[in-house]
>>> print(open('work_6.txt').read())   # compact mmCIF, C-alpha atoms
# COMPACT_ATOMS: atom_id res chain seq x y z
CA MET A 233 0.00 0.00 0.00
CA SER A 234 1.40 3.41 -0.97
CA GLY A 235 2.63 5.62 1.84
CA ARG A 236 1.36 8.76 0.10
CA ALA A 237 -2.21 9.94 0.32
CA GLN A 238 -4.20 10.82 -2.78
CA LEU A 239 -5.93 14.16 -3.20
CA MET A 240 -8.60 14.15 -5.86
CA TRP A 241 -8.70 17.43 -7.78
CA ASP A 242 -9.76 18.73 -11.18
CA ASP A 243 -10.12 22.48 -11.76
CA ALA A 244 -13.40 21.79 -13.57
CA VAL A 245 -15.14 20.92 -10.28
CA THR A 246 -15.50 24.65 -9.64
CA GLY A 247 -18.16 24.58 -12.36
CA TYR A 248 -20.55 23.17 -9.73
CA ASP A 249 -22.18 26.57 -9.53
CA PHE A 250 -25.82 27.24 -8.69
CA GLY A 251 -25.45 30.98 -9.29
CA ASP A 252 -24.31 34.17 -7.59
CA SER A 253 -27.08 34.26 -4.98
CA HIS A 254 -26.68 30.63 -3.89
CA PRO A 255 -24.83 29.91 -0.63
CA MET A 256 -22.78 27.04 -2.12
CA ASP A 257 -20.23 29.31 -3.75
CA PRO A 258 -17.64 27.30 -5.69
CA VAL A 259 -14.98 29.80 -4.63
CA ARG A 260 -14.74 27.71 -1.47
CA LEU A 261 -13.27 24.87 -3.54
CA ALA A 262 -10.80 27.07 -5.40
CA LEU A 263 -9.68 28.75 -2.17
CA THR A 264 -9.23 25.39 -0.44
CA MET A 265 -7.02 24.10 -3.21
CA GLY A 266 -5.16 27.40 -3.16
CA LEU A 267 -4.47 27.03 0.57
CA VAL A 268 -3.40 23.40 0.09
CA ARG A 269 -0.86 24.62 -2.43
CA ALA A 270 0.22 27.57 -0.28
CA PHE A 271 1.23 25.13 2.47
CA GLY A 272 2.98 22.85 -0.05
CA LEU A 273 0.64 19.96 0.64
CA ASP A 274 0.24 19.30 -3.08
CA ARG A 275 3.83 18.03 -2.91
CA ALA A 276 3.06 15.77 0.07
CA VAL A 277 0.21 13.92 -1.67
CA ASP A 278 -0.47 12.51 -5.10
CA VAL A 279 -2.87 14.92 -6.79
CA VAL A 280 -5.14 12.89 -9.07
CA ALA A 281 -7.89 13.93 -11.50
CA ALA A 282 -10.35 11.12 -12.12
CA LYS A 283 -12.87 10.75 -14.90
CA ALA A 284 -16.50 11.65 -14.44
CA ALA A 285 -18.74 8.86 -13.21
CA GLY A 286 -20.47 7.15 -16.13
CA ASP A 287 -24.10 6.15 -16.26
CA SER A 288 -23.44 2.58 -15.08
CA THR A 289 -21.70 3.95 -12.00
CA LEU A 290 -24.39 6.54 -11.30
CA ARG A 291 -27.00 3.82 -11.50
CA LEU A 292 -25.37 2.02 -8.56
CA VAL A 293 -27.40 4.48 -6.47
CA HIS A 294 -29.52 6.67 -8.75
CA ARG A 295 -32.51 5.65 -10.87
CA SER A 296 -31.98 5.83 -14.62
CA ASP A 297 -34.97 8.16 -15.08
CA TYR A 298 -33.42 10.59 -12.60
CA VAL A 299 -30.06 10.56 -14.39
CA SER A 300 -31.93 11.27 -17.62
CA ALA A 301 -33.75 14.16 -15.95
CA VAL A 302 -30.45 15.65 -14.77
CA ARG A 303 -29.03 15.35 -18.28
CA ALA A 304 -32.10 17.08 -19.71
CA ALA A 305 -31.93 19.90 -17.15
CA SER A 306 -28.22 20.26 -17.83
CA ALA A 307 -28.93 20.79 -21.53
CA ASP A 308 -32.00 22.99 -20.97
CA PRO A 309 -32.02 24.51 -17.46
CA ALA A 310 -35.24 26.41 -18.10
CA GLY A 311 -37.05 23.10 -18.70
CA ALA A 312 -35.85 21.38 -15.52
CA ASP A 313 -38.38 18.93 -14.09
CA GLN A 314 -39.09 20.03 -10.52
CA SER A 315 -40.65 16.67 -9.71
CA TYR A 316 -37.05 15.45 -9.55
CA GLY A 317 -36.00 18.30 -7.25
CA LEU A 318 -34.33 20.14 -10.15
CA GLY A 319 -34.83 23.81 -10.90
CA THR A 320 -35.79 24.56 -7.30
CA MET A 321 -34.48 27.23 -4.95
CA ASP A 322 -32.11 24.75 -3.30
CA ASP A 323 -31.05 23.04 -6.52
CA PRO A 324 -31.34 25.45 -9.45
CA ALA A 325 -30.60 23.91 -12.82
CA PHE A 326 -27.58 25.21 -14.70
CA ALA A 327 -25.87 24.42 -17.98
CA GLY A 328 -23.41 21.55 -17.60
CA MET A 329 -24.91 20.44 -14.29
CA HIS A 330 -24.82 16.74 -15.15
CA GLU A 331 -21.23 16.83 -16.34
CA VAL A 332 -19.76 18.59 -13.30
CA SER A 333 -21.90 16.62 -10.83
CA ALA A 334 -20.72 13.38 -12.43
CA LEU A 335 -17.14 14.68 -12.30
CA ILE A 336 -17.35 15.28 -8.55
CA ALA A 337 -18.89 11.84 -8.10
CA GLY A 338 -16.11 10.35 -10.19
CA GLN A 339 -13.49 11.76 -7.84
CA SER A 340 -15.10 10.07 -4.81
CA VAL A 341 -15.57 6.76 -6.63
CA ALA A 342 -11.95 6.79 -7.80
CA ALA A 343 -10.80 7.62 -4.27
CA ALA A 344 -12.67 4.59 -2.97
CA GLU A 345 -11.24 2.37 -5.71
CA ALA A 346 -7.68 3.50 -4.96
CA VAL A 347 -8.06 2.79 -1.26
CA TRP A 348 -9.69 -0.60 -1.82
CA ARG A 349 -7.00 -1.70 -4.28
CA GLY A 350 -4.18 -0.66 -1.95
CA GLU A 351 -2.88 2.10 -4.20
CA THR A 352 -3.08 4.43 -1.20
CA ALA A 353 -4.22 4.18 2.41
CA HIS A 354 -5.94 7.56 2.50
CA ALA A 355 -7.75 9.47 -0.24
CA VAL A 356 -9.40 12.89 0.07
CA ASN A 357 -12.04 14.49 -2.13
CA PHE A 358 -13.06 17.70 -0.39
CA THR A 359 -15.19 18.63 -3.40
CA GLY A 360 -17.46 15.69 -2.57
CA GLY A 361 -19.63 14.83 0.39
CA LEU A 362 -22.89 15.72 -1.39
CA HIS A 363 -24.89 13.54 0.97
CA HIS A 364 -28.51 14.71 0.49
CA ALA A 365 -29.17 13.51 -3.09
CA MET A 366 -31.68 10.68 -3.18
CA PRO A 367 -31.90 7.81 -5.69
CA GLY A 368 -34.58 9.64 -7.64
CA SER A 369 -34.20 13.31 -6.76
CA ALA A 370 -31.88 16.20 -6.02
CA SER A 371 -31.98 17.65 -2.52
CA GLY A 372 -30.15 20.13 -0.34
CA PHE A 373 -27.65 21.46 -2.93
CA CYS A 374 -26.79 17.88 -3.98
CA ILE A 375 -27.37 16.42 -7.46
CA TYR A 376 -25.52 13.09 -7.29
CA ASN A 377 -24.74 11.42 -3.98
CA ASP A 378 -21.02 10.82 -4.28
CA PRO A 379 -20.53 9.28 -0.79
CA ALA A 380 -23.22 6.69 -1.51
CA LEU A 381 -21.73 6.03 -4.94
CA ALA A 382 -18.26 5.52 -3.46
CA ILE A 383 -19.67 3.06 -0.92
CA ALA A 384 -21.72 1.24 -3.56
CA ARG A 385 -18.57 0.88 -5.65
CA LEU A 386 -16.70 -0.58 -2.67
CA LEU A 387 -19.47 -3.13 -2.23
CA GLU A 388 -19.33 -3.93 -5.95
CA LEU A 389 -15.59 -4.54 -5.61
CA GLY A 390 -16.19 -7.03 -2.80
CA ALA A 391 -16.19 -5.05 0.44
CA GLU A 392 -18.31 -6.70 3.11
CA ARG A 393 -18.17 -3.98 5.79
CA VAL A 394 -18.01 -0.25 5.07
CA ALA A 395 -18.52 2.36 7.79
CA TYR A 396 -19.79 5.81 6.84
CA LEU A 397 -19.36 8.60 9.38
CA ASP A 398 -20.99 11.97 8.70
CA VAL A 399 -20.16 14.99 10.90
CA ASP A 400 -21.80 17.62 8.70
CA VAL A 401 -24.25 19.83 10.60
CA HIS A 402 -27.04 18.36 8.45
CA HIS A 403 -28.18 14.76 8.67
CA GLY A 404 -26.63 12.46 6.06
CA ASP A 405 -30.06 11.42 4.89
CA GLY A 406 -29.28 10.39 1.32
CA VAL A 407 -26.53 7.98 2.33
CA GLN A 408 -28.67 6.53 5.10
CA ALA A 409 -31.54 6.03 2.64
CA ALA A 410 -29.31 4.31 0.08
CA PHE A 411 -28.23 1.62 2.59
CA TRP A 412 -31.25 1.56 4.91
CA GLU A 413 -31.65 -2.22 4.62
CA ASP A 414 -28.02 -3.18 3.97
CA PRO A 415 -26.14 -4.66 6.95
CA ARG A 416 -22.83 -4.29 5.09
CA VAL A 417 -22.91 -0.51 5.56
CA LEU A 418 -22.90 1.15 8.97
CA THR A 419 -24.03 4.78 8.70
CA VAL A 420 -23.36 7.11 11.63
CA SER A 421 -24.45 10.75 11.51
CA LEU A 422 -23.83 13.49 14.08
CA HIS A 423 -25.90 16.54 13.20
CA GLU A 424 -28.02 19.37 14.51
CA HIS A 425 -31.39 18.18 15.79
CA PRO A 426 -34.03 17.76 13.07
CA ARG A 427 -36.43 19.99 15.01
CA THR A 428 -34.27 22.98 14.11
CA LEU A 429 -32.57 22.16 10.80
CA PHE A 430 -32.99 20.68 7.32
CA PRO A 431 -33.65 17.92 6.34
CA GLN A 432 -35.75 17.27 9.47
CA THR A 433 -34.54 13.67 9.60
CA GLY A 434 -31.92 11.88 11.63
CA TRP A 435 -33.87 11.07 14.77
CA PRO A 436 -32.27 8.53 17.13
CA GLU A 437 -35.09 6.11 16.36
CA GLU A 438 -33.98 5.87 12.71
CA THR A 439 -31.91 2.70 12.96
CA GLY A 440 -32.38 0.90 9.64
CA ALA A 441 -34.81 -1.81 8.58
CA GLY A 442 -34.90 -5.47 7.61
CA ALA A 443 -31.45 -7.00 7.50
CA GLY A 444 -30.06 -3.50 8.06
CA GLU A 445 -31.78 -2.92 11.39
CA GLY A 446 -29.19 -1.42 13.71
CA ALA A 447 -26.94 -0.35 10.83
CA ALA A 448 -28.02 3.31 11.03
CA VAL A 449 -27.04 5.44 14.04
CA ASN A 450 -28.10 9.06 14.49
CA VAL A 451 -26.96 11.56 17.10
CA ALA A 452 -29.24 14.61 17.02
CA LEU A 453 -27.41 17.45 18.78
CA PRO A 454 -29.15 20.42 20.41
CA ALA A 455 -28.78 23.77 18.66
CA GLY A 456 -25.94 25.71 20.24
CA THR A 457 -23.75 22.65 20.90
CA GLY A 458 -20.11 23.76 21.07
CA ASP A 459 -16.73 22.08 21.10
CA ALA A 460 -16.98 20.20 24.39
CA GLY A 461 -20.42 18.76 23.65
CA TRP A 462 -19.67 17.92 20.02
CA LEU A 463 -16.48 16.10 20.91
CA ARG A 464 -18.15 14.35 23.86
CA ALA A 465 -20.90 13.08 21.56
CA PHE A 466 -18.41 11.91 18.93
CA HIS A 467 -16.28 9.98 21.40
CA ALA A 468 -19.30 8.57 23.24
CA VAL A 469 -20.64 6.91 20.10
CA VAL A 470 -18.19 6.52 17.23
CA PRO A 471 -15.17 4.58 18.56
CA GLU A 472 -17.31 1.89 20.20
CA LEU A 473 -19.33 1.36 17.03
CA LEU A 474 -16.24 1.09 14.86
CA ALA A 475 -14.53 -1.26 17.30
CA ASP A 476 -17.57 -3.54 17.06
CA PHE A 477 -18.15 -3.26 13.30
CA ARG A 478 -14.50 -3.47 12.21
CA PRO A 479 -15.01 -1.88 8.77
CA GLN A 480 -12.75 -2.76 5.90
CA VAL A 481 -12.95 0.88 4.79
CA LEU A 482 -13.93 4.02 6.69
CA VAL A 483 -15.64 6.74 4.64
CA THR A 484 -16.03 10.08 6.40
CA GLN A 485 -17.86 13.28 5.48
CA HIS A 486 -16.48 16.52 6.94
CA GLY A 487 -18.98 19.27 6.26
CA ALA A 488 -17.55 22.47 7.73
CA ASP A 489 -20.98 23.91 8.52
CA THR A 490 -20.84 22.90 12.19
CA HIS A 491 -18.72 26.02 12.67
CA PHE A 492 -19.98 28.90 14.78
CA GLU A 493 -19.60 31.29 11.83
CA ASP A 494 -21.68 29.21 9.42
CA PRO A 495 -24.72 31.21 8.28
CA LEU A 496 -27.06 28.26 7.64
CA ALA A 497 -27.00 26.33 10.94
CA HIS A 498 -26.89 26.68 14.70
CA LEU A 499 -24.01 24.70 16.18
CA ALA A 500 -21.06 26.50 17.75
CA VAL A 501 -18.07 24.32 16.86
CA SER A 502 -14.62 25.77 16.26
CA LEU A 503 -12.11 25.00 13.53
CA ASP A 504 -9.91 23.49 16.23
CA ALA A 505 -12.60 20.97 17.22
CA GLN A 506 -13.20 20.12 13.56
CA ARG A 507 -9.48 19.43 13.25
CA ALA A 508 -9.60 17.24 16.37
CA VAL A 509 -12.37 15.09 14.86
CA MET A 510 -10.45 14.77 11.59
CA ALA A 511 -7.42 13.55 13.54
CA ALA A 512 -9.62 11.13 15.47
CA CYS A 513 -11.07 9.75 12.21
CA HIS A 514 -7.56 9.22 10.91
CA ASP A 515 -6.57 7.35 14.07
CA LEU A 516 -9.77 5.28 14.05
CA ALA A 517 -9.14 4.27 10.44
CA HIS A 518 -5.68 3.03 11.38
CA GLU A 519 -7.04 1.19 14.40
CA TYR A 520 -10.12 -0.45 12.92
CA ALA A 521 -10.25 -0.17 9.10
CA ASP A 522 -7.81 -2.76 7.78
CA GLY A 523 -4.79 -0.76 8.86
CA GLY A 524 -5.93 2.64 7.68
CA ARG A 525 -8.24 2.46 4.66
CA TRP A 526 -9.81 5.91 4.80
CA VAL A 527 -11.79 7.92 2.23
CA ALA A 528 -12.35 11.49 3.47
CA LEU A 529 -14.86 13.82 1.80
CA GLY A 530 -15.94 17.44 2.15
CA GLY A 531 -19.58 18.45 2.36
CA GLY A 532 -21.42 21.56 3.48
CA GLY A 533 -19.83 24.78 4.64
CA TYR A 534 -20.97 28.28 3.77
CA ALA A 535 -18.47 30.51 5.53
CA VAL A 536 -16.56 30.18 2.30
CA VAL A 537 -13.52 32.33 3.13
CA ASP A 538 -12.93 32.15 6.88
CA VAL A 539 -13.81 28.52 7.58
CA VAL A 540 -14.07 26.07 4.69
CA PRO A 541 -10.56 26.45 3.19
CA ARG A 542 -8.84 26.20 6.56
CA SER A 543 -10.94 23.24 7.69
CA TRP A 544 -10.40 21.15 4.58
CA THR A 545 -6.72 22.07 4.32
CA HIS A 546 -6.33 20.57 7.80
CA LEU A 547 -8.12 17.47 6.49
CA VAL A 548 -5.69 17.12 3.59
CA ALA A 549 -2.72 17.68 5.89
CA ILE A 550 -3.88 15.01 8.35
CA ALA A 551 -4.45 12.51 5.56
CA ALA A 552 -0.99 13.32 4.21
CA HIS A 553 0.59 12.60 7.61
CA ALA A 554 1.82 16.20 7.49
CA PRO A 555 -0.46 17.95 10.01
CA ILE A 556 -0.36 21.72 10.14
CA ASP A 557 0.28 23.36 13.51
CA PRO A 558 -2.92 25.28 14.27
CA GLU A 559 -0.82 28.29 15.26
CA SER A 560 0.69 28.43 11.77
CA VAL A 561 0.48 31.77 10.02
CA ILE A 562 -1.32 31.52 6.70
CA PRO A 563 0.95 32.41 3.76
CA PRO A 564 0.38 35.99 2.51
CA SER A 565 0.13 34.68 -1.06
CA TRP A 566 -3.12 32.91 -0.18
CA ARG A 567 -4.55 35.95 1.55
CA ASP A 568 -3.77 37.91 -1.62
CA GLU A 569 -5.68 35.26 -3.59
CA VAL A 570 -8.64 35.61 -1.23
CA TYR A 571 -8.76 39.35 -1.75
CA ALA A 572 -8.40 39.06 -5.50
CA ARG A 573 -11.26 36.56 -5.74
CA THR A 574 -13.65 37.91 -3.12
CA ARG A 575 -12.56 41.41 -2.04
CA GLN A 576 -12.55 40.03 1.51
CA LEU A 577 -9.68 39.76 3.96
CA GLY A 578 -8.70 36.19 4.67
CA PRO A 579 -7.95 34.74 8.12
CA ALA A 580 -4.40 35.04 9.41
CA ARG A 581 -3.85 31.73 11.19
CA MET A 582 -4.95 28.10 10.97
CA THR A 583 -6.76 28.22 14.31
CA ASP A 584 -9.71 29.85 16.03
CA GLY A 585 -7.58 30.04 19.15
CA ARG A 586 -9.38 27.21 20.94
CA VAL A 587 -7.89 24.22 22.74
CA PRO A 588 -10.66 21.62 22.46
CA SER A 589 -11.39 19.39 25.43
CA TRP A 590 -14.28 17.19 26.46
CA LYS A 591 -15.51 14.93 29.22
CA SER A 592 -15.57 11.27 28.28
CA TRP A 593 -18.82 9.31 28.48
CA GLU A 594 -17.27 7.00 31.06
CA GLU A 595 -16.90 9.94 33.46
CA GLY A 596 -20.64 10.06 33.99
CA TYR A 597 -24.05 11.00 32.63
CA ASP A 598 -25.85 14.20 33.59
CA PRO A 599 -29.62 13.63 33.22
CA ALA A 600 -30.25 17.38 33.18
CA ASP A 601 -27.87 18.06 30.30
CA ARG A 602 -29.47 18.23 26.84
CA LEU A 603 -26.32 17.01 25.12
CA ASP A 604 -26.12 13.97 27.39
CA GLN A 605 -29.82 13.31 26.80
CA ALA A 606 -29.16 13.32 23.03
CA VAL A 607 -26.23 10.93 23.31
CA LEU A 608 -28.11 8.54 25.57
CA ALA A 609 -31.11 8.55 23.22
CA SER A 610 -28.85 7.46 20.36
CA ARG A 611 -27.11 4.78 22.36
CA ARG A 612 -30.41 3.40 23.66
CA ALA A 613 -31.93 3.29 20.19
CA ALA A 614 -29.07 1.70 18.28
CA PHE A 615 -26.57 0.02 20.58
CA PRO A 616 -28.76 -2.89 21.78
CA LEU A 617 -29.54 -3.74 18.13
CA ARG A 618 -25.80 -4.24 17.68
CA GLY A 619 -25.39 -6.21 20.91
CA LEU A 620 -23.71 -3.28 22.66
CA LEU A 621 -24.41 -1.95 26.12
CA THR A 622 -25.97 1.50 26.46
>>> encode(input="work_6.txt", output="structure tokens")
Amino acid sequence: MSGRAQLMWDDAVTGYDFGDSHPMDPVRLALTMGLVRAFGLDRAVDVVAAKAAGDSTLRLVHRSDYVSAVRAASADPAGADQSYGLGTMDDPAFAGMHEVSALIAGQSVAAAEAVWRGETAHAVNFTGGLHHAMPGSASGFCIYNDPALAIARLLELGAERVAYLDVDVHHGDGVQAAFWEDPRVLTVSLHEHPRTLFPQTGWPEETGAGAGEGAAVNVALPAGTGDAGWLRAFHAVVPELLADFRPQVLVTQHGADTHFEDPLAHLAVSLDAQRAVMAACHDLAHEYADGGRWVALGGGGYAVVDVVPRSWTHLVAIAAHAPIDPESVIPPSWRDEVYARTRQLGPARMTDGRVPSWKSWEEGYDPADRLDQAVLASRRAAFPLRGLLT
């Protein structure tokens, strides 16, 4: 297995552009890659551009009529069929939509293939993580569900146990739906409570069905949860599940929209806590996923200058085994790029100045604490189905 991580990148992914007024500004992708280069991480990884996912690959998750509808909307945005979730406020149709969406999906699928075949231990596609797309419809800024496609490809290649961990502020509903009855895929999502945030799913009681009962785990966090609570929830649920499941590959989604500056959600997590979870995912992959098979994806994140580029650059650095000291000063060349592209001033350091800490679950449960109530609800709903103690 190669000692160098792979970073999936093609400049054309910045064509995933819903328009000037849409919060998913593709400048976040360009600025992330710019910061990766500014820190020299492009020399610490193998930068790979994969081909777009073809129809046979897309159909591993998506219905053929939906793929046809995306193609039609891509060719004629004004005629987009809203019954497929296209041409809506969340998912406006745009010229070339199919091509760039398939390109992003292709990067995640190729990342999964490279990890499965032993070409690399870790592969990162921060342009991916589009976890809301359903088999037959677009949803939540997502056209094709690249995490689900990557997992489906792993299963096609022979994987028998794949764990998917989603720490985006929004529930990973599309991936959960794709594998709702499949015991080969463990989906774990930590997200803001569905009472207060889209997509209003991800309740603790959602645990899978049929042969997949117990293969879905949801931790619904109270609005306002900060570093200590977020990290406590992560460590109270994730390591024990992975130790039990022993995945052959760990696929993680690192939406940056848990951050306290994100304009579309209500958690209060710092960049430093996001970095701590990335490092934990890396360590868990080495401990439980066949010696380190790890596919790391991006996701949401709408503080496109201050948060997303720093967060995902840390992700690339961790995967490259070249972590960046949070106190590092950001190269002036990147801050010049930020100003040239956005007329905003970029952040100066790779930290929010926090030193994340948390109380472990073993240290006790506080029945009056809303965060502890949320964690216990998840453990009670899912753990017994897996033969684990709550």
>>> atom_distance(input="work_6.txt", atom1="CA of His330 (chain A)", atom2="CA of Gly361 (chain A)")
16.5 Å
>>> residues_around(input="work_6.txt", residues="Val420 (chain A)", least_positions_apart="4", cutoff="7 Å", atoms="only C-alpha atoms", output="number ranges by chain")
A: 396-398, 448-450
>>> closest_atom_pairs(input="work_6.txt", of="region 506-576 of chain A", to="region 456-470 of chain A", cutoff="12 Å", atoms="all atoms listed in the file", output="CSV")
residue,atom,partner,partner_atom,distance
A:Gln506,CA,A:Asp459,CA,8.6
A:Arg507,CA,A:Leu463,CA,10.9
A:Ala508,CA,A:Leu463,CA,8.3
A:Val509,CA,A:Leu463,CA,7.4
A:Met510,CA,A:Leu463,CA,11.2
A:Ala511,CA,A:Leu463,CA,12.0
A:Ala512,CA,A:His467,CA,9.0
A:Cys513,CA,A:Val470,CA,9.3
A:Leu516,CA,A:Val470,CA,9.1
A:Ala517,CA,A:Val470,CA,11.5
A:Tyr520,CA,A:Val470,CA,11.5
>>> closest_residue(input="work_6.txt", among="A:Thr289, A:Ser421, A:Thr352, A:Ser502", to="Arg542 (chain A)", atoms="only C-alpha atoms")
A:Ser502
>>> closest_residue(input="work_6.txt", among="A:Gly531, A:Ala614, A:Leu621, A:Pro255", to="Glu437 (chain A)", atoms="all atoms listed in the file")
A:Ala614
>>> closest_atom_pairs(input="work_6.txt", of="region 421-524 of chain A", to="region 337-341 of chain A", cutoff="12 Å", atoms="all atoms listed in the file", output="Markdown table")
| residue | atom | partner | partner_atom | distance |
| --- | --- | --- | --- | --- |
| A:Val483 | CA | A:Ser340 | CA | 10.0 |
| A:Thr484 | CA | A:Ser340 | CA | 11.2 |
| A:Gln485 | CA | A:Ser340 | CA | 11.1 |
>>> closest_residue(input="work_6.txt", among="A:Leu503, A:Leu290, A:Ala554, A:Ala455", to="Leu273 (chain A)", atoms="only C-alpha atoms")
A:Ala554
>>> residues_around(input="work_6.txt", residues="region 574-579 of chain A", least_positions_apart="5", cutoff="8 Å", atoms="only C-alpha atoms", output="PyMOL selection string")
chain A and resi 537-538+562+567
>>> atom_distance(input="work_6.txt", atom1="CA of Thr264 (chain A)", atom2="CA of Ala410 (chain A)")
29.1 Å
>>> residues_near_point(input="work_6.txt", point="(-9.8, -2.6, -11.0)", cutoff="12 Å", atoms="all atoms listed in the file", output="number ranges by chain")
A: 341-342, 344-351, 385-386, 388-390
>>> write_last_selection(input="work_6.txt", atoms="C-alpha atoms", output="compact mmCIF listing (two decimals), keeping the file's coordinate frame")
# COMPACT_ATOMS: atom_id res chain seq x y z
CA VAL A 341 -15.57 6.76 -6.63
CA ALA A 342 -11.95 6.79 -7.80
CA ALA A 344 -12.67 4.59 -2.97
CA GLU A 345 -11.24 2.37 -5.71
CA ALA A 346 -7.68 3.50 -4.96
CA VAL A 347 -8.06 2.79 -1.26
CA TRP A 348 -9.69 -0.60 -1.82
CA ARG A 349 -7.00 -1.70 -4.28
CA GLY A 350 -4.18 -0.66 -1.95
CA GLU A 351 -2.88 2.10 -4.20
CA ARG A 385 -18.57 0.88 -5.65
CA LEU A 386 -16.70 -0.58 -2.67
CA GLU A 388 -19.33 -3.93 -5.95
CA LEU A 389 -15.59 -4.54 -5.61
CA GLY A 390 -16.19 -7.03 -2.80
>>> atom_distance(input="work_6.txt", atom1="CA of Asp557 (chain A)", atom2="CA of Arg275 (chain A)")
17.6 Å
>>> closest_residue(input="work_6.txt", among="A:Pro454, A:Gly247, A:Pro479, A:Pro563", to="Gly524 (chain A)", atoms="only C-alpha atoms")
A:Pro479
>>> closest_residue(input="work_6.txt", among="A:Phe430, A:Trp412, A:Trp593, A:Tyr376", to="Val607 (chain A)", atoms="all atoms listed in the file")
A:Trp593
>>> residues_around(input="work_6.txt", residues="Asp243 (chain A)", least_positions_apart="6", cutoff="10 Å", atoms="all atoms listed in the file", output="PyMOL selection string")
chain A and resi 261-262+265+281
>>> write_last_selection(input="work_6.txt", atoms="C-alpha atoms", output="PDB file, in the frame of the given file")
ATOM      1  CA  LEU A 261     -13.270  24.870  -3.540  1.00  0.00           C
ATOM      2  CA  ALA A 262     -10.800  27.070  -5.400  1.00  0.00           C
ATOM      3  CA  MET A 265      -7.020  24.100  -3.210  1.00  0.00           C
ATOM      4  CA  ALA A 281      -7.890  13.930 -11.500  1.00  0.00           C
TER       5      ALA A 281
END
>>> closest_residue(input="work_6.txt", among="A:Val481, A:Ala505, A:Ile336, A:Ala285", to="Ser543 (chain A)", atoms="all atoms listed in the file")
A:Ala505
>>> residues_around(input="work_6.txt", residues="Leu620 (chain A)", least_positions_apart="4", cutoff="10 Å", atoms="only C-alpha atoms", output="PDB file with C-alpha atoms, keeping the file's coordinate frame")
ATOM      1  CA  GLU A 472     -17.310   1.890  20.200  1.00  0.00           C
ATOM      2  CA  LEU A 473     -19.330   1.360  17.030  1.00  0.00           C
ATOM      3  CA  ASP A 476     -17.570  -3.540  17.060  1.00  0.00           C
ATOM      4  CA  ARG A 611     -27.110   4.780  22.360  1.00  0.00           C
ATOM      5  CA  ARG A 612     -30.410   3.400  23.660  1.00  0.00           C
ATOM      6  CA  ALA A 614     -29.070   1.700  18.280  1.00  0.00           C
ATOM      7  CA  PHE A 615     -26.570   0.020  20.580  1.00  0.00           C
ATOM      8  CA  PRO A 616     -28.760  -2.890  21.780  1.00  0.00           C
TER       9      PRO A 616
END
>>> residues_near_point(input="work_6.txt", point="(-28.9, 11.5, -1.8)", cutoff="6 Å", atoms="all atoms listed in the file", output="PDB file with C-alpha atoms, in the frame of the given file")
ATOM      1  CA  HIS A 363     -24.890  13.540   0.970  1.00  0.00           C
ATOM      2  CA  HIS A 364     -28.510  14.710   0.490  1.00  0.00           C
ATOM      3  CA  ALA A 365     -29.170  13.510  -3.090  1.00  0.00           C
ATOM      4  CA  MET A 366     -31.680  10.680  -3.180  1.00  0.00           C
ATOM      5  CA  ASN A 377     -24.740  11.420  -3.980  1.00  0.00           C
ATOM      6  CA  GLY A 406     -29.280  10.390   1.320  1.00  0.00           C
ATOM      7  CA  VAL A 407     -26.530   7.980   2.330  1.00  0.00           C
TER       8      VAL A 407
END
>>> axis_aligned_box(input="work_6.txt", around="region 515-522 of chain A", padding_each_side="3 Å", output="AutoDock Vina command-line options")
--center_x -8.0 --center_y 2.3 --center_z 11.1 --size_x 10.6 --size_y 16.1 --size_z 12.6
>>> residues_around(input="work_6.txt", residues="Ala606 (chain A)", least_positions_apart="2", cutoff="7 Å", atoms="all atoms listed in the file", output="ChimeraX atom specification")
/A:451-453,602-604,608-610
